[in-house]
Amino acid sequence: MADIIKTPATERPNLLGLIETLPDYVFIPDRHRFEQKAALIKKEGPENLGVIADFDRTCMLAGPDGYATSFNAVKMVFGHGSDFQQTGDMLYSHFNDREELGSLTDEELLTWWNATLGLYGWYGVDRGTLNEAARISNPRFPDTPFLCAREGFSELACLAARRNIPFMIFSAGLGDVIEESLKLHGIDMPPEMIIANRFRFDPMSGKVTGYDGNMPITSSGKNGTVIKAHDTTGLITTKSNLLLLGDSLGDAAMADGLDADTIIRAGFYLGEKTDLDRFQAYSEQYDVLVCGDHPMTSIVEILDTLTS
Ligand SMILES: [Mg+2]
């Protein structure tokens with residue numbers, strides 16, 4: 001905080017033009033806080049910055065009812081109305097609303113993730129199913145993939161690459177689906193920069209037999225400890241500043257436990273504007289809010305301004 005106060009006004013980035021031209025669906029809850037953080041990040045340069053982004057409903061569009069996630073993409077492979085989808089949706093409707101409110105216990109989340117694994121085992125999900133989940137079309141818009149990148153995501157990844165800023169995907173979704181989806185969107189991201197749930201496969205049948213690792217990453221388990229365990233090259237963990245992108249309140253805490261000094265949190269608020277308690281909670285946790293299932297082009301402009 002002391003560093004923030006000491007930062008002379010003359011060294012603060014000229015964000016005025018950028019802030020004034022943001023579209024009306026982008027909201028900066030506390031302009032003073034945002035400008036202070038932006039000043040510090042700008043001052044320390046792109047070499048001290050990393051990006052951590054959630055995948056489902058953040059890098060990808062959320063779709064109607066927020067249903068377009070990597071887990072739900074696997075259900076689409078089995079088909080609308082299939083036993084697989086109906087069973088998966090029973091689990092989804094039992095847990096999802098309370099997950100979004102952050103009121104599920106860690107044990108309940110593990111139960112959900114492990115029940116899903118059981119479903120995959122029972123129905124013989126294999127690598128081909130997961131690749132198909134990344135490719136499958138949106139039933140409403142056949143030329144569009146069900147997992148469809150938010151406008152601006154590719155530009156954000158490219159800008160980070162051009163400025164030598166490490167970009168990490170951190171997801172409680174399905175790593176195999178995410179990796180394939182990124183490839184299909186033409187986004188080149190090395191596997192070590194994707195932290196998500198990957199599977200073990202039976203060497204003979206090729207079917208899913210378990211999560212790769214001791215336990216799955218659930219939405220409550222996304223934190224700096226997990227990042228430290230995976231980021232063996234230190235590309236992200238050594239950065240003093242971070243740009244973080246997420247859509248849930250839990251995502252705002254994804255970097256908790258890392259040693260970063262300054263974190264600008266950009267959130268995708270998919271709730272109702274009339275839900276004042278929820279909107280207030282997002283406004284406290286996030287520095288920038290994209291409200292609704294809108295592009296992330298403003299986040300690209302912010303990254304550009306911070307690092308140019
Ligand atoms: Mg998400």
# chains A, B, ... in the order shown; residues from 1 in each chain; ligands from 1
$ residues_near_ligand --ligand "ligand 1" --cutoff "12 Å" --atoms "only C-alpha atoms and all ligand atoms" --output "PyMOL selection string"
chain A and resi 53-62+66-71+96+99-100+169-174+196+218-220+222+245-252+254+267-270
$ write_last_selection --atoms "N, CA and C atoms" --output "tab-separated table (two decimals), in the first residue's frame"
chain	number	residue	atom	x	y	z
A	53	ALA	N	-5.87	-17.03	-16.22
A	53	ALA	CA	-7.27	-16.95	-16.63
A	53	ALA	C	-8.00	-18.26	-16.36
A	54	ASP	N	-9.17	-18.15	-15.80
A	54	ASP	CA	-10.10	-19.27	-15.75
A	54	ASP	C	-10.53	-19.57	-17.20
A	55	PHE	N	-11.06	-20.76	-17.46
A	55	PHE	CA	-11.42	-21.13	-18.84
A	55	PHE	C	-12.93	-21.04	-19.09
A	56	ASP	N	-13.70	-21.92	-18.42
A	56	ASP	CA	-15.14	-21.98	-18.68
A	56	ASP	C	-15.82	-20.67	-18.28
A	57	ARG	N	-16.59	-20.13	-19.17
A	57	ARG	CA	-17.37	-18.90	-18.95
A	57	ARG	C	-16.50	-17.66	-18.80
A	58	THR	N	-15.18	-17.83	-18.97
A	58	THR	CA	-14.27	-16.68	-18.90
A	58	THR	C	-13.60	-16.51	-20.25
A	59	CYS	N	-12.70	-17.43	-20.60
A	59	CYS	CA	-12.12	-17.39	-21.95
A	59	CYS	C	-13.18	-17.76	-22.98
A	60	MET	N	-14.08	-18.64	-22.59
A	60	MET	CA	-15.17	-19.07	-23.47
A	60	MET	C	-16.45	-18.31	-23.11
A	61	LEU	N	-17.31	-18.16	-24.10
A	61	LEU	CA	-18.64	-17.59	-23.82
A	61	LEU	C	-19.40	-18.53	-22.88
A	62	ALA	N	-20.24	-17.97	-22.04
A	62	ALA	CA	-21.00	-18.79	-21.10
A	62	ALA	C	-22.20	-19.44	-21.77
A	66	GLY	N	-25.50	-20.09	-18.93
A	66	GLY	CA	-24.14	-20.41	-18.48
A	66	GLY	C	-23.79	-21.88	-18.64
A	67	TYR	N	-24.43	-22.57	-19.59
A	67	TYR	CA	-24.32	-24.03	-19.71
A	67	TYR	C	-23.07	-24.47	-20.49
A	68	ALA	N	-22.45	-23.54	-21.22
A	68	ALA	CA	-21.34	-23.93	-22.11
A	68	ALA	C	-20.04	-24.09	-21.33
A	69	THR	N	-19.89	-25.24	-20.69
A	69	THR	CA	-18.65	-25.52	-19.96
A	69	THR	C	-18.02	-26.80	-20.52
A	70	SER	N	-16.77	-27.04	-20.15
A	70	SER	CA	-16.08	-28.23	-20.66
A	70	SER	C	-16.78	-29.51	-20.19
A	71	PHE	N	-17.25	-29.52	-18.94
A	71	PHE	CA	-17.98	-30.70	-18.45
A	71	PHE	C	-19.27	-30.91	-19.26
A	96	ASN	N	-25.12	-26.99	-8.96
A	96	ASN	CA	-24.57	-25.80	-9.63
A	96	ASN	C	-24.95	-24.46	-8.98
A	99	GLU	N	-23.07	-23.87	-5.97
A	99	GLU	CA	-21.65	-23.66	-6.27
A	99	GLU	C	-21.42	-22.21	-6.66
A	100	GLU	N	-22.33	-21.67	-7.50
A	100	GLU	CA	-22.16	-20.29	-7.95
A	100	GLU	C	-22.28	-19.31	-6.79
A	169	ILE	N	-3.74	-20.86	-18.08
A	169	ILE	CA	-5.15	-21.20	-17.88
A	169	ILE	C	-5.23	-22.01	-16.60
A	170	PHE	N	-6.11	-21.63	-15.70
A	170	PHE	CA	-6.28	-22.34	-14.43
A	170	PHE	C	-7.77	-22.65	-14.27
A	171	SER	N	-8.10	-23.95	-14.38
A	171	SER	CA	-9.51	-24.33	-14.47
A	171	SER	C	-9.81	-25.56	-13.62
A	172	ALA	N	-11.00	-25.60	-13.08
A	172	ALA	CA	-11.49	-26.81	-12.42
A	172	ALA	C	-12.26	-27.67	-13.42
A	173	GLY	N	-12.19	-27.29	-14.71
A	173	GLY	CA	-12.83	-28.06	-15.77
A	173	GLY	C	-11.89	-29.14	-16.29
A	174	LEU	N	-12.10	-29.53	-17.54
A	174	LEU	CA	-11.44	-30.71	-18.09
A	174	LEU	C	-10.26	-30.32	-18.99
A	196	ALA	N	-5.52	-27.90	-15.06
A	196	ALA	CA	-6.93	-28.31	-15.06
A	196	ALA	C	-6.97	-29.80	-14.77
A	218	THR	N	-11.22	-28.84	-7.73
A	218	THR	CA	-12.61	-28.37	-7.73
A	218	THR	C	-12.60	-26.85	-7.70
A	219	SER	N	-13.78	-26.25	-7.84
A	219	SER	CA	-13.83	-24.80	-7.90
A	219	SER	C	-13.36	-24.15	-6.60
A	220	SER	N	-13.43	-24.88	-5.49
A	220	SER	CA	-12.95	-24.29	-4.23
A	220	SER	C	-11.46	-24.56	-4.03
A	222	LYS	N	-9.07	-23.97	-6.27
A	222	LYS	CA	-8.23	-23.19	-7.17
A	222	LYS	C	-7.54	-22.10	-6.38
A	245	LEU	N	-8.19	-13.28	-14.62
A	245	LEU	CA	-9.51	-13.26	-15.27
A	245	LEU	C	-10.36	-14.41	-14.76
A	246	GLY	N	-11.57	-14.12	-14.34
A	246	GLY	CA	-12.44	-15.19	-13.87
A	246	GLY	C	-13.90	-14.80	-13.95
A	247	ASP	N	-14.78	-15.77	-13.70
A	247	ASP	CA	-16.21	-15.44	-13.74
A	247	ASP	C	-16.92	-15.72	-12.42
A	248	SER	N	-16.30	-16.47	-11.53
A	248	SER	CA	-16.96	-16.75	-10.25
A	248	SER	C	-16.28	-15.95	-9.15
A	249	LEU	N	-16.95	-15.84	-8.01
A	249	LEU	CA	-16.31	-15.14	-6.89
A	249	LEU	C	-15.07	-15.89	-6.45
A	250	GLY	N	-15.13	-17.23	-6.52
A	250	GLY	CA	-13.97	-18.04	-6.14
A	250	GLY	C	-12.77	-17.77	-7.04
A	251	ASP	N	-13.02	-17.49	-8.32
A	251	ASP	CA	-11.92	-17.21	-9.25
A	251	ASP	C	-11.10	-16.00	-8.80
A	252	ALA	N	-11.74	-15.06	-8.12
A	252	ALA	CA	-11.02	-13.86	-7.68
A	252	ALA	C	-9.90	-14.22	-6.70
A	254	MET	N	-8.03	-17.01	-7.06
A	254	MET	CA	-7.19	-18.03	-7.71
A	254	MET	C	-5.71	-17.87	-7.42
A	267	GLY	N	-13.34	-9.49	-13.94
A	267	GLY	CA	-14.39	-10.49	-13.75
A	267	GLY	C	-15.46	-10.42	-14.82
A	268	PHE	N	-16.02	-11.58	-15.13
A	268	PHE	CA	-17.17	-11.64	-16.05
A	268	PHE	C	-18.40	-11.90	-15.19
A	269	TYR	N	-19.20	-10.87	-15.06
A	269	TYR	CA	-20.38	-10.96	-14.20
A	269	TYR	C	-21.56	-11.42	-15.03
A	270	LEU	N	-22.00	-12.64	-14.79
A	270	LEU	CA	-23.07	-13.23	-15.60
A	270	LEU	C	-24.40	-13.25	-14.87
$ select_by_dssp --residues "region 6-74 of chain A" --states "strand (DSSP E or B)" --output "list in words"
Val26, Phe27, Leu49, Gly50, Val51, Ile52, Ala53 and Met60 of chain A
$ atom_distance --atom1 "CA of Gly118 (chain A)" --atom2 "CA of Pro191 (chain A)"
25.3 Å
$ select_by_dssp --residues "region 171-212 of chain A" --states "helix (DSSP H, G or I)" --output "list in words"
Gly175, Asp176, Val177, Ile178, Glu179, Glu180, Ser181, Leu182, Lys183, Leu184, Pro191, Glu192 and Met193 of chain A
$ residues_around --residues "region 137-141 of chain A" --least-positions-apart "5" --cutoff "10 Å" --atoms "only C-alpha atoms" --output "ChimeraX atom specification"
/A:63,68,73,76-77,79-80,132,146-148
$ residues_around --residues "Arg31 (chain A)" --least-positions-apart "5" --cutoff "9 Å" --atoms "only C-alpha atoms" --output "ChimeraX atom specification"
/A:19,36,287
$ closest_residue --among "A:Tyr282, A:Tyr123, A:Phe167, A:Phe201" --to "Thr237 (chain A)" --atoms "only C-alpha atoms"
A:Phe167
$ atom_distance --atom1 "CA of Val51 (chain A)" --atom2 "CA of Ser283 (chain A)"
20.3 Å
$ atom_distance --atom1 "CA of Trp122 (chain A)" --atom2 "CA of Phe78 (chain A)"
12.9 Å
$ residues_around --residues "Thr232 (chain A)" --least-positions-apart "5" --cutoff "12 Å" --atoms "only C-alpha atoms" --output "number ranges by chain"
A: 192-193, 195, 226-227, 237-238
$ write_last_selection --atoms "C-alpha atoms" --output "PDB file, in the first residue's frame"
ATOM      1  CA  GLU A 192       2.331 -26.934 -18.814  1.00  0.00           C
ATOM      2  CA  MET A 193       0.517 -23.588 -18.956  1.00  0.00           C
ATOM      3  CA  ILE A 195      -3.682 -26.326 -15.054  1.00  0.00           C
ATOM      4  CA  VAL A 226      -2.054 -25.576  -6.708  1.00  0.00           C
ATOM      5  CA  ILE A 227      -0.345 -23.129  -9.082  1.00  0.00           C
ATOM      6  CA  THR A 237       4.981 -17.842  -9.548  1.00  0.00           C
ATOM      7  CA  THR A 238       7.975 -15.515  -9.892  1.00  0.00           C
TER       8      THR A 238
END
$ residues_around --residues "Glu179 (chain A)" --least-positions-apart "4" --cutoff "9 Å" --atoms "only C-alpha atoms" --output "PyMOL selection string"
chain A and resi 134+174-175+183-184+189-191+194
$ write_last_selection --atoms "N, CA and C atoms" --output "short mmCIF file (atom, residue, chain, number, x, y, z; two decimals), in the first residue's frame"
data_model
loop_
_atom_site.label_atom_id
_atom_site.label_comp_id
_atom_site.auth_asym_id
_atom_site.auth_seq_id
_atom_site.Cartn_x
_atom_site.Cartn_y
_atom_site.Cartn_z
N ALA A 134 -14.69 -30.98 -27.48
CA ALA A 134 -14.10 -29.68 -27.87
C ALA A 134 -14.61 -29.22 -29.23
N LEU A 174 -12.10 -29.53 -17.54
CA LEU A 174 -11.44 -30.71 -18.09
C LEU A 174 -10.26 -30.32 -18.99
N GLY A 175 -9.05 -30.59 -18.50
CA GLY A 175 -7.84 -30.18 -19.20
C GLY A 175 -7.74 -30.72 -20.61
N LYS A 183 -6.56 -25.51 -29.24
CA LYS A 183 -5.97 -25.83 -30.56
C LYS A 183 -6.94 -25.47 -31.67
N LEU A 184 -8.21 -25.86 -31.48
CA LEU A 184 -9.21 -25.60 -32.52
C LEU A 184 -9.44 -24.11 -32.73
N MET A 189 -0.92 -22.92 -26.83
CA MET A 189 -0.58 -22.82 -25.41
C MET A 189 0.05 -24.13 -24.96
N PRO A 190 1.28 -24.07 -24.44
CA PRO A 190 1.93 -25.33 -24.04
C PRO A 190 1.17 -26.00 -22.89
N PRO A 191 1.13 -27.34 -22.87
CA PRO A 191 0.35 -28.06 -21.85
C PRO A 191 0.70 -27.64 -20.43
N ILE A 194 -1.44 -25.02 -18.84
CA ILE A 194 -2.87 -25.31 -18.62
C ILE A 194 -2.99 -26.16 -17.36
#
$ closest_residue --among "A:Ile187, A:Ala266, A:Leu117, A:Ala253" --to "Thr297 (chain A)" --atoms "only C-alpha atoms"
A:Ala266
$ closest_residue --among "A:Ala281, A:Gly206, A:Asn214, A:Val300" --to "Gly121 (chain A)" --atoms "only C-alpha atoms"
A:Gly206
